[in-house]
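Following: one structure in structure tokens, then a few remarks.
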Amino acid sequence: MNQGEYFHVLYKSVWIWAIIILISVQAHAKDYDYISISNPFLNKTPVAVTSFKNFNGHEAEVAAGARAEQILKAGLDFTGYLKIMSPTAFLADPAKSGIQLGQINFKNWTSIGAELLVTGGVEELEGQVKLQLRLMDTFNTKLLVGKVYSGSVTQIRAMVHRFCAEVAKALTGNFGVFGSKIAFVSTVNGNKEIYSCDFDGFNPRQITHHKSISLSPAWSHDGRWIAYVSYAKGKPDIFIKNLKDNLGTMVNYKGINISPDWMPGKLNLAATLSFSGGQQIYLLTRKGEIIKRVTKSWGSNVSPKFSPDGKKIAFTSSRSGNPQIYIQGLDSEDARRVTFSGKYNTSPAWSPDGKKIAYVGIEKNKINIFVVSVDPHIGNPMQLTVEQGDNEDPCWSPDGSLIVFKSNRNGGRAHLFVMTAAGTDQRQLLSMAGIQSEPDWSGDTGFLAD
């Protein structure tokens, strides 16, 4: 065998072994029992996140690693189902001993109760970074996720959140919230404008500049379109806007045009219009053309929200006297009442699995958020907020693990908060001037597909 043939055989062998190792890692990743994020009695899984290994050790690299570690811990903690362990309990330092599977003594981690271990490594050169990130199952001594990301220093946050999404996928079966955004209303110089921010409240950005009253933002399924209500033309009309191309239209029938909601998987909307006299719910095209009238009862019918399969809507109706939540199929005129506890219930929000509806209930002059099963035979409503100011505008995260809402619990001024689907871990989402309300949580806005 000559030298050229030798290197050809060696190169081919290396690639065969690389494929075998990759298949082995992927097989391991499927062995982890999924965390049930919908379990109201869920105990958080302890995860140890270690300091990043600096491969060159210069100042910029150390800073990049520290920033990546901070973003990683905050992202995993945000999920609500992971408990970030204190590094004071660690018995080893992979940043010094090694961050790869074969370099980890798992007894050092199982002995302190860490069920999961995340290690990281960073290389920095002239503003470009390479991140190595691994998630390991300590009790089964397995690699669940192993990823390498490269980009500029300014992309560290996005790269770490890509990894967090992979962690969520390995642990729960879906990518979680890490590619999502939240639209909301905020006051600006006495007006109300539409904003958006990342899933965790970072990077708030003003979308509208009407210098009027803008309300009720709603994302399309692909995150490219947003519909909202504005009084910019003197009365409540629905504006439909493409965020990338800055295209759009306006729904301005006679009377009020309010409470838009996009149909899952399609660019159709449900909305309340009053041109016929009463407030009724209609199905519209993206261009604002009426497809059909959905509700035909007397009284006000507002706040339509599509079920995840797009076949039904939940909405608020006064047909029984006081506002209550109803469900109606798009191909039916029969509506079923869902809420019976309390005299005033509104603002329905359908869970992504289609099994529950979060809503706002007013009892004894206190405004709180409740969750009720869509199946009338399963239990009573569960109250999620208690004795913490007024709480309104619930909206589920795309994976169903969290609910974002408005609360005035801190000093009487309303801001956005987030909690788990069971009502635990309630914390403020973002701090900014003015009053924030009416959040709408998008699905994945595309970074996982980049």
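In the structure tokens, chains take the letters A, B, ... in the order shown, each chain's residues start at 1, and ligands count up from 1 in the order shown.
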Checklist entry - Leaving out Leu76 of chain A and any residue of its chain fewer than 2 positions from it, which residues lie within 10 Å of it when counting only C-alpha atoms, given as a VMD selection string? => result chain A and resid 47 49 71 to 74 78 to 84 161 163 to 165 167 to 168 178
Compile the contact shell of segment 300-310 of chain A as a short mmCIF file (atom, residue, chain, number, x, y, z; two decimals) with C-alpha atoms, in the first residue's frame: residues with an atom at most 7 Å away, counting only C-alpha atoms, same-chain residues fewer than 3 positions apart removed.
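Written out: selection17.cif:
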```cif
data_model
loop_
_atom_site.label_atom_id
_atom_site.label_comp_id
_atom_site.auth_asym_id
_atom_site.auth_seq_id
_atom_site.Cartn_x
_atom_site.Cartn_y
_atom_site.Cartn_z
CA SER A 259 -60.03 41.63 19.53
CA ASP A 261 -56.87 36.41 16.88
CA MET A 263 -56.13 30.94 13.15
CA PRO A 264 -53.41 28.33 13.86
CA ALA A 270 -61.34 35.87 14.15
CA ALA A 271 -62.45 39.27 15.36
CA THR A 272 -65.42 41.10 16.87
CA GLY A 278 -74.48 43.86 17.98
CA GLN A 279 -70.94 42.76 18.79
CA GLN A 280 -70.51 39.50 16.89
CA ILE A 281 -67.51 37.34 16.02
CA ILE A 313 -63.06 29.31 19.43
CA ALA A 314 -63.36 30.29 23.06
CA PHE A 315 -64.87 33.71 23.65
CA THR A 316 -66.57 35.95 26.18
CA SER A 317 -70.29 36.48 25.87
CA SER A 318 -72.94 38.33 27.89
CA SER A 347 -60.30 37.03 28.51
CA PRO A 348 -60.06 33.31 27.61
CA ALA A 349 -56.70 31.87 26.57
CA TRP A 350 -56.49 28.32 25.23
CA PRO A 352 -51.43 24.75 23.53
CA ASP A 353 -52.54 21.18 24.26
CA GLY A 354 -56.20 22.22 23.90
#
```
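Listed by chain and then by rising number, the residues of segment 159-213 of chain A that DSSP assigns to helix (DSSP H, G or I) from the backbone are A:Met159, A:Val160, A:His161, A:Arg162, A:Phe163, A:Cys164, A:Ala165, A:Glu166, A:Val167, A:Ala168, A:Lys169, A:Ala170, A:Leu171, A:Thr172.
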Checklist entry - Taking the backbone alone, and naming residues the way the document does, which bits of segment 9-201 of chain A are strand (DSSP E) by DSSP, as an MDAnalysis selection string? => result chainID A and resid 45:49 53:54 82:84 116:125 128:137 142:152 181:188 191:198
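Residues surrounding Ile37 of chain A within 12 Å are Asn43, Lys44, Thr45, Thr79, Gly80, Tyr81, Leu82, Ala168, Lys169, Leu171, Thr172, Gly173, Asn174, Gly176, Asp353, Ser397, Asp399, Gly400, Ser401, Leu402, Thr420, Ala421 and Ala422 of chain A [only C-alpha atoms; sequence separation below 6 positions excluded].
Between atom CA of Lys233 of chain A and atom CA of Lys292 of chain A the interatomic distance comes to 25.4 Å.
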Checklist entry - Which residue out of A:Val153, A:Ala218, A:Ala232, A:Val160 has the minimum interatomic distance to Phe184 of chain A when only C-alpha atoms are used? => result A:Ala218
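Note that the spacing between atom CA of Val360 of chain A and atom CA of Ile290 of chain A amounts to 29.0 Å.
Going from atom CA of Pro236 of chain A to atom CA of Ser214 of chain A covers 8.7 Å.
Within the 8 Å cut-off around segment 100-107 of chain A, using only C-alpha atoms and omitting residues fewer than 4 positions from it on the same chain, the listed residues are Pro94, Ser111, Thr119, Arg134, Met136, Thr138, Phe139, Thr141, Lys142 and Leu143 of chain A.
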Selection above as a file: C-alpha atoms, as a PDB file, in the first residue's frame:
```
ATOM      1  CA  PRO A  94     -14.792  20.653  34.694  1.00  0.00           C
ATOM      2  CA  SER A 111     -23.426  12.700  45.424  1.00  0.00           C
ATOM      3  CA  THR A 119     -20.573  21.946  30.815  1.00  0.00           C
ATOM      4  CA  ARG A 134     -23.055  19.646  26.634  1.00  0.00           C
ATOM      5  CA  MET A 136     -25.352  15.104  30.589  1.00  0.00           C
ATOM      6  CA  THR A 138     -25.457  12.160  35.702  1.00  0.00           C
ATOM      7  CA  PHE A 139     -27.190   9.026  37.026  1.00  0.00           C
ATOM      8  CA  THR A 141     -23.688   8.778  32.751  1.00  0.00           C
ATOM      9  CA  LYS A 142     -24.937   9.705  29.304  1.00  0.00           C
ATOM     10  CA  LEU A 143     -24.600  12.630  26.945  1.00  0.00           C
TER      11      LEU A 143
END
```
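Minimum distance to Pro398 of chain A across A:His210, A:His221, A:Arg286, A:Arg337 (counting only C-alpha atoms) occurs at A:His221.
Between Ser332 of chain A and the residues A:Gln132, A:Thr285, A:Asn246, A:Thr295, the shortest atom-to-atom distance, using only C-alpha atoms, involves A:Thr295.
For the set A:Gly321, A:Gly113, A:Gly255, A:Gly412, the residue with the smallest atom-to-atom gap to Gly434 of chain A is A:Gly412, counting only C-alpha atoms.
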Item to check | Near-Phe202 of chain A list (12 Å; only C-alpha atoms; drop same-chain fewer than 2 positions) as a VMD selection string | outcome: chain A and resid 71 74 to 75 157 to 158 178 180 to 182 195 to 200 204 to 205 429 to 432
Item to check | Contacts of Ser152 of chain A within 10 Å, only C-alpha atoms, excl. fewer than 2 positions in-chain, as an MDAnalysis selection string | outcome: chainID A and resid 124:130 150 154:156 159
Take the residues that were just selected and, keeping all heavy atoms, output them as a PDB file, in the first residue's frame.
```
ATOM      1  N   GLU A 124     -12.208  32.310  21.856  1.00  0.00           N
ATOM      2  CA  GLU A 124     -12.456  33.632  21.281  1.00  0.00           C
ATOM      3  C   GLU A 124     -11.236  34.081  20.498  1.00  0.00           C
ATOM      4  O   GLU A 124     -10.097  33.940  20.957  1.00  0.00           O
ATOM      5  CB  GLU A 124     -12.770  34.635  22.395  1.00  0.00           C
ATOM      6  CG  GLU A 124     -13.318  35.977  21.920  1.00  0.00           C
ATOM      7  CD  GLU A 124     -12.226  36.960  21.462  1.00  0.00           C
ATOM      8  OE1 GLU A 124     -11.050  36.729  21.823  1.00  0.00           O
ATOM      9  OE2 GLU A 124     -12.543  37.948  20.770  1.00  0.00           O
ATOM     10  N   LEU A 125     -11.487  34.633  19.303  1.00  0.00           N
ATOM     11  CA  LEU A 125     -10.402  35.157  18.482  1.00  0.00           C
ATOM     12  C   LEU A 125     -10.928  36.323  17.664  1.00  0.00           C
ATOM     13  O   LEU A 125     -11.814  36.142  16.814  1.00  0.00           O
ATOM     14  CB  LEU A 125      -9.838  34.073  17.556  1.00  0.00           C
ATOM     15  CG  LEU A 125      -8.698  34.511  16.616  1.00  0.00           C
ATOM     16  CD1 LEU A 125      -7.473  34.934  17.448  1.00  0.00           C
ATOM     17  CD2 LEU A 125      -8.330  33.400  15.641  1.00  0.00           C
ATOM     18  N   GLU A 126     -10.450  37.503  17.967  1.00  0.00           N
ATOM     19  CA  GLU A 126     -10.783  38.725  17.223  1.00  0.00           C
ATOM     20  C   GLU A 126     -12.295  38.920  17.068  1.00  0.00           C
ATOM     21  O   GLU A 126     -12.804  39.169  15.982  1.00  0.00           O
ATOM     22  CB  GLU A 126     -10.100  38.699  15.852  1.00  0.00           C
ATOM     23  CG  GLU A 126      -8.581  38.708  15.942  1.00  0.00           C
ATOM     24  CD  GLU A 126      -7.926  38.688  14.572  1.00  0.00           C
ATOM     25  OE1 GLU A 126      -8.651  38.503  13.574  1.00  0.00           O
ATOM     26  OE2 GLU A 126      -6.696  38.872  14.510  1.00  0.00           O
ATOM     27  N   GLY A 127     -13.014  38.766  18.177  1.00  0.00           N
ATOM     28  CA  GLY A 127     -14.441  39.021  18.175  1.00  0.00           C
ATOM     29  C   GLY A 127     -15.311  37.857  17.731  1.00  0.00           C
ATOM     30  O   GLY A 127     -16.535  37.949  17.757  1.00  0.00           O
ATOM     31  N   GLN A 128     -14.687  36.744  17.324  1.00  0.00           N
ATOM     32  CA  GLN A 128     -15.422  35.545  16.943  1.00  0.00           C
ATOM     33  C   GLN A 128     -15.284  34.504  18.049  1.00  0.00           C
ATOM     34  O   GLN A 128     -14.211  34.339  18.631  1.00  0.00           O
ATOM     35  CB  GLN A 128     -14.891  34.975  15.628  1.00  0.00           C
ATOM     36  CG  GLN A 128     -15.095  35.905  14.436  1.00  0.00           C
ATOM     37  CD  GLN A 128     -16.559  36.120  14.110  1.00  0.00           C
ATOM     38  OE1 GLN A 128     -17.312  35.163  13.930  1.00  0.00           O
ATOM     39  NE2 GLN A 128     -16.974  37.375  14.034  1.00  0.00           N
ATOM     40  N   VAL A 129     -16.390  33.824  18.357  1.00  0.00           N
ATOM     41  CA  VAL A 129     -16.359  32.842  19.433  1.00  0.00           C
ATOM     42  C   VAL A 129     -16.863  31.492  18.941  1.00  0.00           C
ATOM     43  O   VAL A 129     -17.676  31.403  18.011  1.00  0.00           O
ATOM     44  CB  VAL A 129     -17.222  33.287  20.636  1.00  0.00           C
ATOM     45  CG1 VAL A 129     -16.634  34.516  21.300  1.00  0.00           C
ATOM     46  CG2 VAL A 129     -18.663  33.525  20.220  1.00  0.00           C
ATOM     47  N   LYS A 130     -16.346  30.440  19.583  1.00  0.00           N
ATOM     48  CA  LYS A 130     -16.847  29.085  19.394  1.00  0.00           C
ATOM     49  C   LYS A 130     -17.244  28.567  20.767  1.00  0.00           C
ATOM     50  O   LYS A 130     -16.445  28.574  21.707  1.00  0.00           O
ATOM     51  CB  LYS A 130     -15.802  28.173  18.770  1.00  0.00           C
ATOM     52  CG  LYS A 130     -16.287  26.726  18.599  1.00  0.00           C
ATOM     53  CD  LYS A 130     -15.164  25.788  18.217  1.00  0.00           C
ATOM     54  CE  LYS A 130     -14.683  26.034  16.803  1.00  0.00           C
ATOM     55  NZ  LYS A 130     -13.658  25.035  16.400  1.00  0.00           N
ATOM     56  N   SER A 150     -20.740  28.638  16.506  1.00  0.00           N
ATOM     57  CA  SER A 150     -19.742  29.650  16.169  1.00  0.00           C
ATOM     58  C   SER A 150     -20.429  30.915  15.697  1.00  0.00           C
ATOM     59  O   SER A 150     -21.458  30.859  15.002  1.00  0.00           O
ATOM     60  CB  SER A 150     -18.806  29.133  15.070  1.00  0.00           C
ATOM     61  OG  SER A 150     -18.075  28.003  15.511  1.00  0.00           O
ATOM     62  N   THR A 154     -21.382  39.197  19.655  1.00  0.00           N
ATOM     63  CA  THR A 154     -22.731  39.746  19.791  1.00  0.00           C
ATOM     64  C   THR A 154     -23.813  38.672  19.645  1.00  0.00           C
ATOM     65  O   THR A 154     -24.976  38.926  19.963  1.00  0.00           O
ATOM     66  CB  THR A 154     -22.988  40.841  18.738  1.00  0.00           C
ATOM     67  OG1 THR A 154     -22.825  40.280  17.425  1.00  0.00           O
ATOM     68  CG2 THR A 154     -22.005  41.993  18.915  1.00  0.00           C
ATOM     69  N   GLN A 155     -23.440  37.484  19.168  1.00  0.00           N
ATOM     70  CA  GLN A 155     -24.402  36.408  18.967  1.00  0.00           C
ATOM     71  C   GLN A 155     -24.398  35.384  20.096  1.00  0.00           C
ATOM     72  O   GLN A 155     -25.068  34.355  19.998  1.00  0.00           O
ATOM     73  CB  GLN A 155     -24.128  35.704  17.637  1.00  0.00           C
ATOM     74  CG  GLN A 155     -24.342  36.573  16.410  1.00  0.00           C
ATOM     75  CD  GLN A 155     -23.930  35.868  15.131  1.00  0.00           C
ATOM     76  OE1 GLN A 155     -22.774  35.474  14.963  1.00  0.00           O
ATOM     77  NE2 GLN A 155     -24.884  35.695  14.221  1.00  0.00           N
ATOM     78  N   ILE A 156     -23.666  35.660  21.163  1.00  0.00           N
ATOM     79  CA  ILE A 156     -23.581  34.703  22.271  1.00  0.00           C
ATOM     80  C   ILE A 156     -24.960  34.380  22.827  1.00  0.00           C
ATOM     81  O   ILE A 156     -25.295  33.225  23.075  1.00  0.00           O
ATOM     82  CB  ILE A 156     -22.645  35.234  23.376  1.00  0.00           C
ATOM     83  CG1 ILE A 156     -21.194  35.174  22.905  1.00  0.00           C
ATOM     84  CG2 ILE A 156     -22.809  34.432  24.665  1.00  0.00           C
ATOM     85  CD1 ILE A 156     -20.191  35.726  23.903  1.00  0.00           C
ATOM     86  N   MET A 159     -26.824  32.061  20.490  1.00  0.00           N
ATOM     87  CA  MET A 159     -26.236  30.727  20.453  1.00  0.00           C
ATOM     88  C   MET A 159     -26.581  29.942  21.711  1.00  0.00           C
ATOM     89  O   MET A 159     -26.941  28.758  21.648  1.00  0.00           O
ATOM     90  CB  MET A 159     -24.722  30.825  20.264  1.00  0.00           C
ATOM     91  CG  MET A 159     -24.301  31.277  18.879  1.00  0.00           C
ATOM     92  SD  MET A 159     -22.504  31.169  18.593  1.00  0.00           S
ATOM     93  CE  MET A 159     -21.907  32.591  19.528  1.00  0.00           C
TER      94      MET A 159
END
```
Checklist entry - Using only C-alpha atoms, which residue out of A:Ile369, A:Ser36, A:Gln428, A:Ser297 lies closest to Glu333 of chain A? => result A:Ser297
Next on the checklist: I want to know what sits within 8 Å of Phe52 of chain A, based on only C-alpha atoms, with residues of the same chain fewer than 6 positions away left out; could you give that as a PyMOL selection string?
Outcome noted: chain A and resi 65-66+69+95+119-122
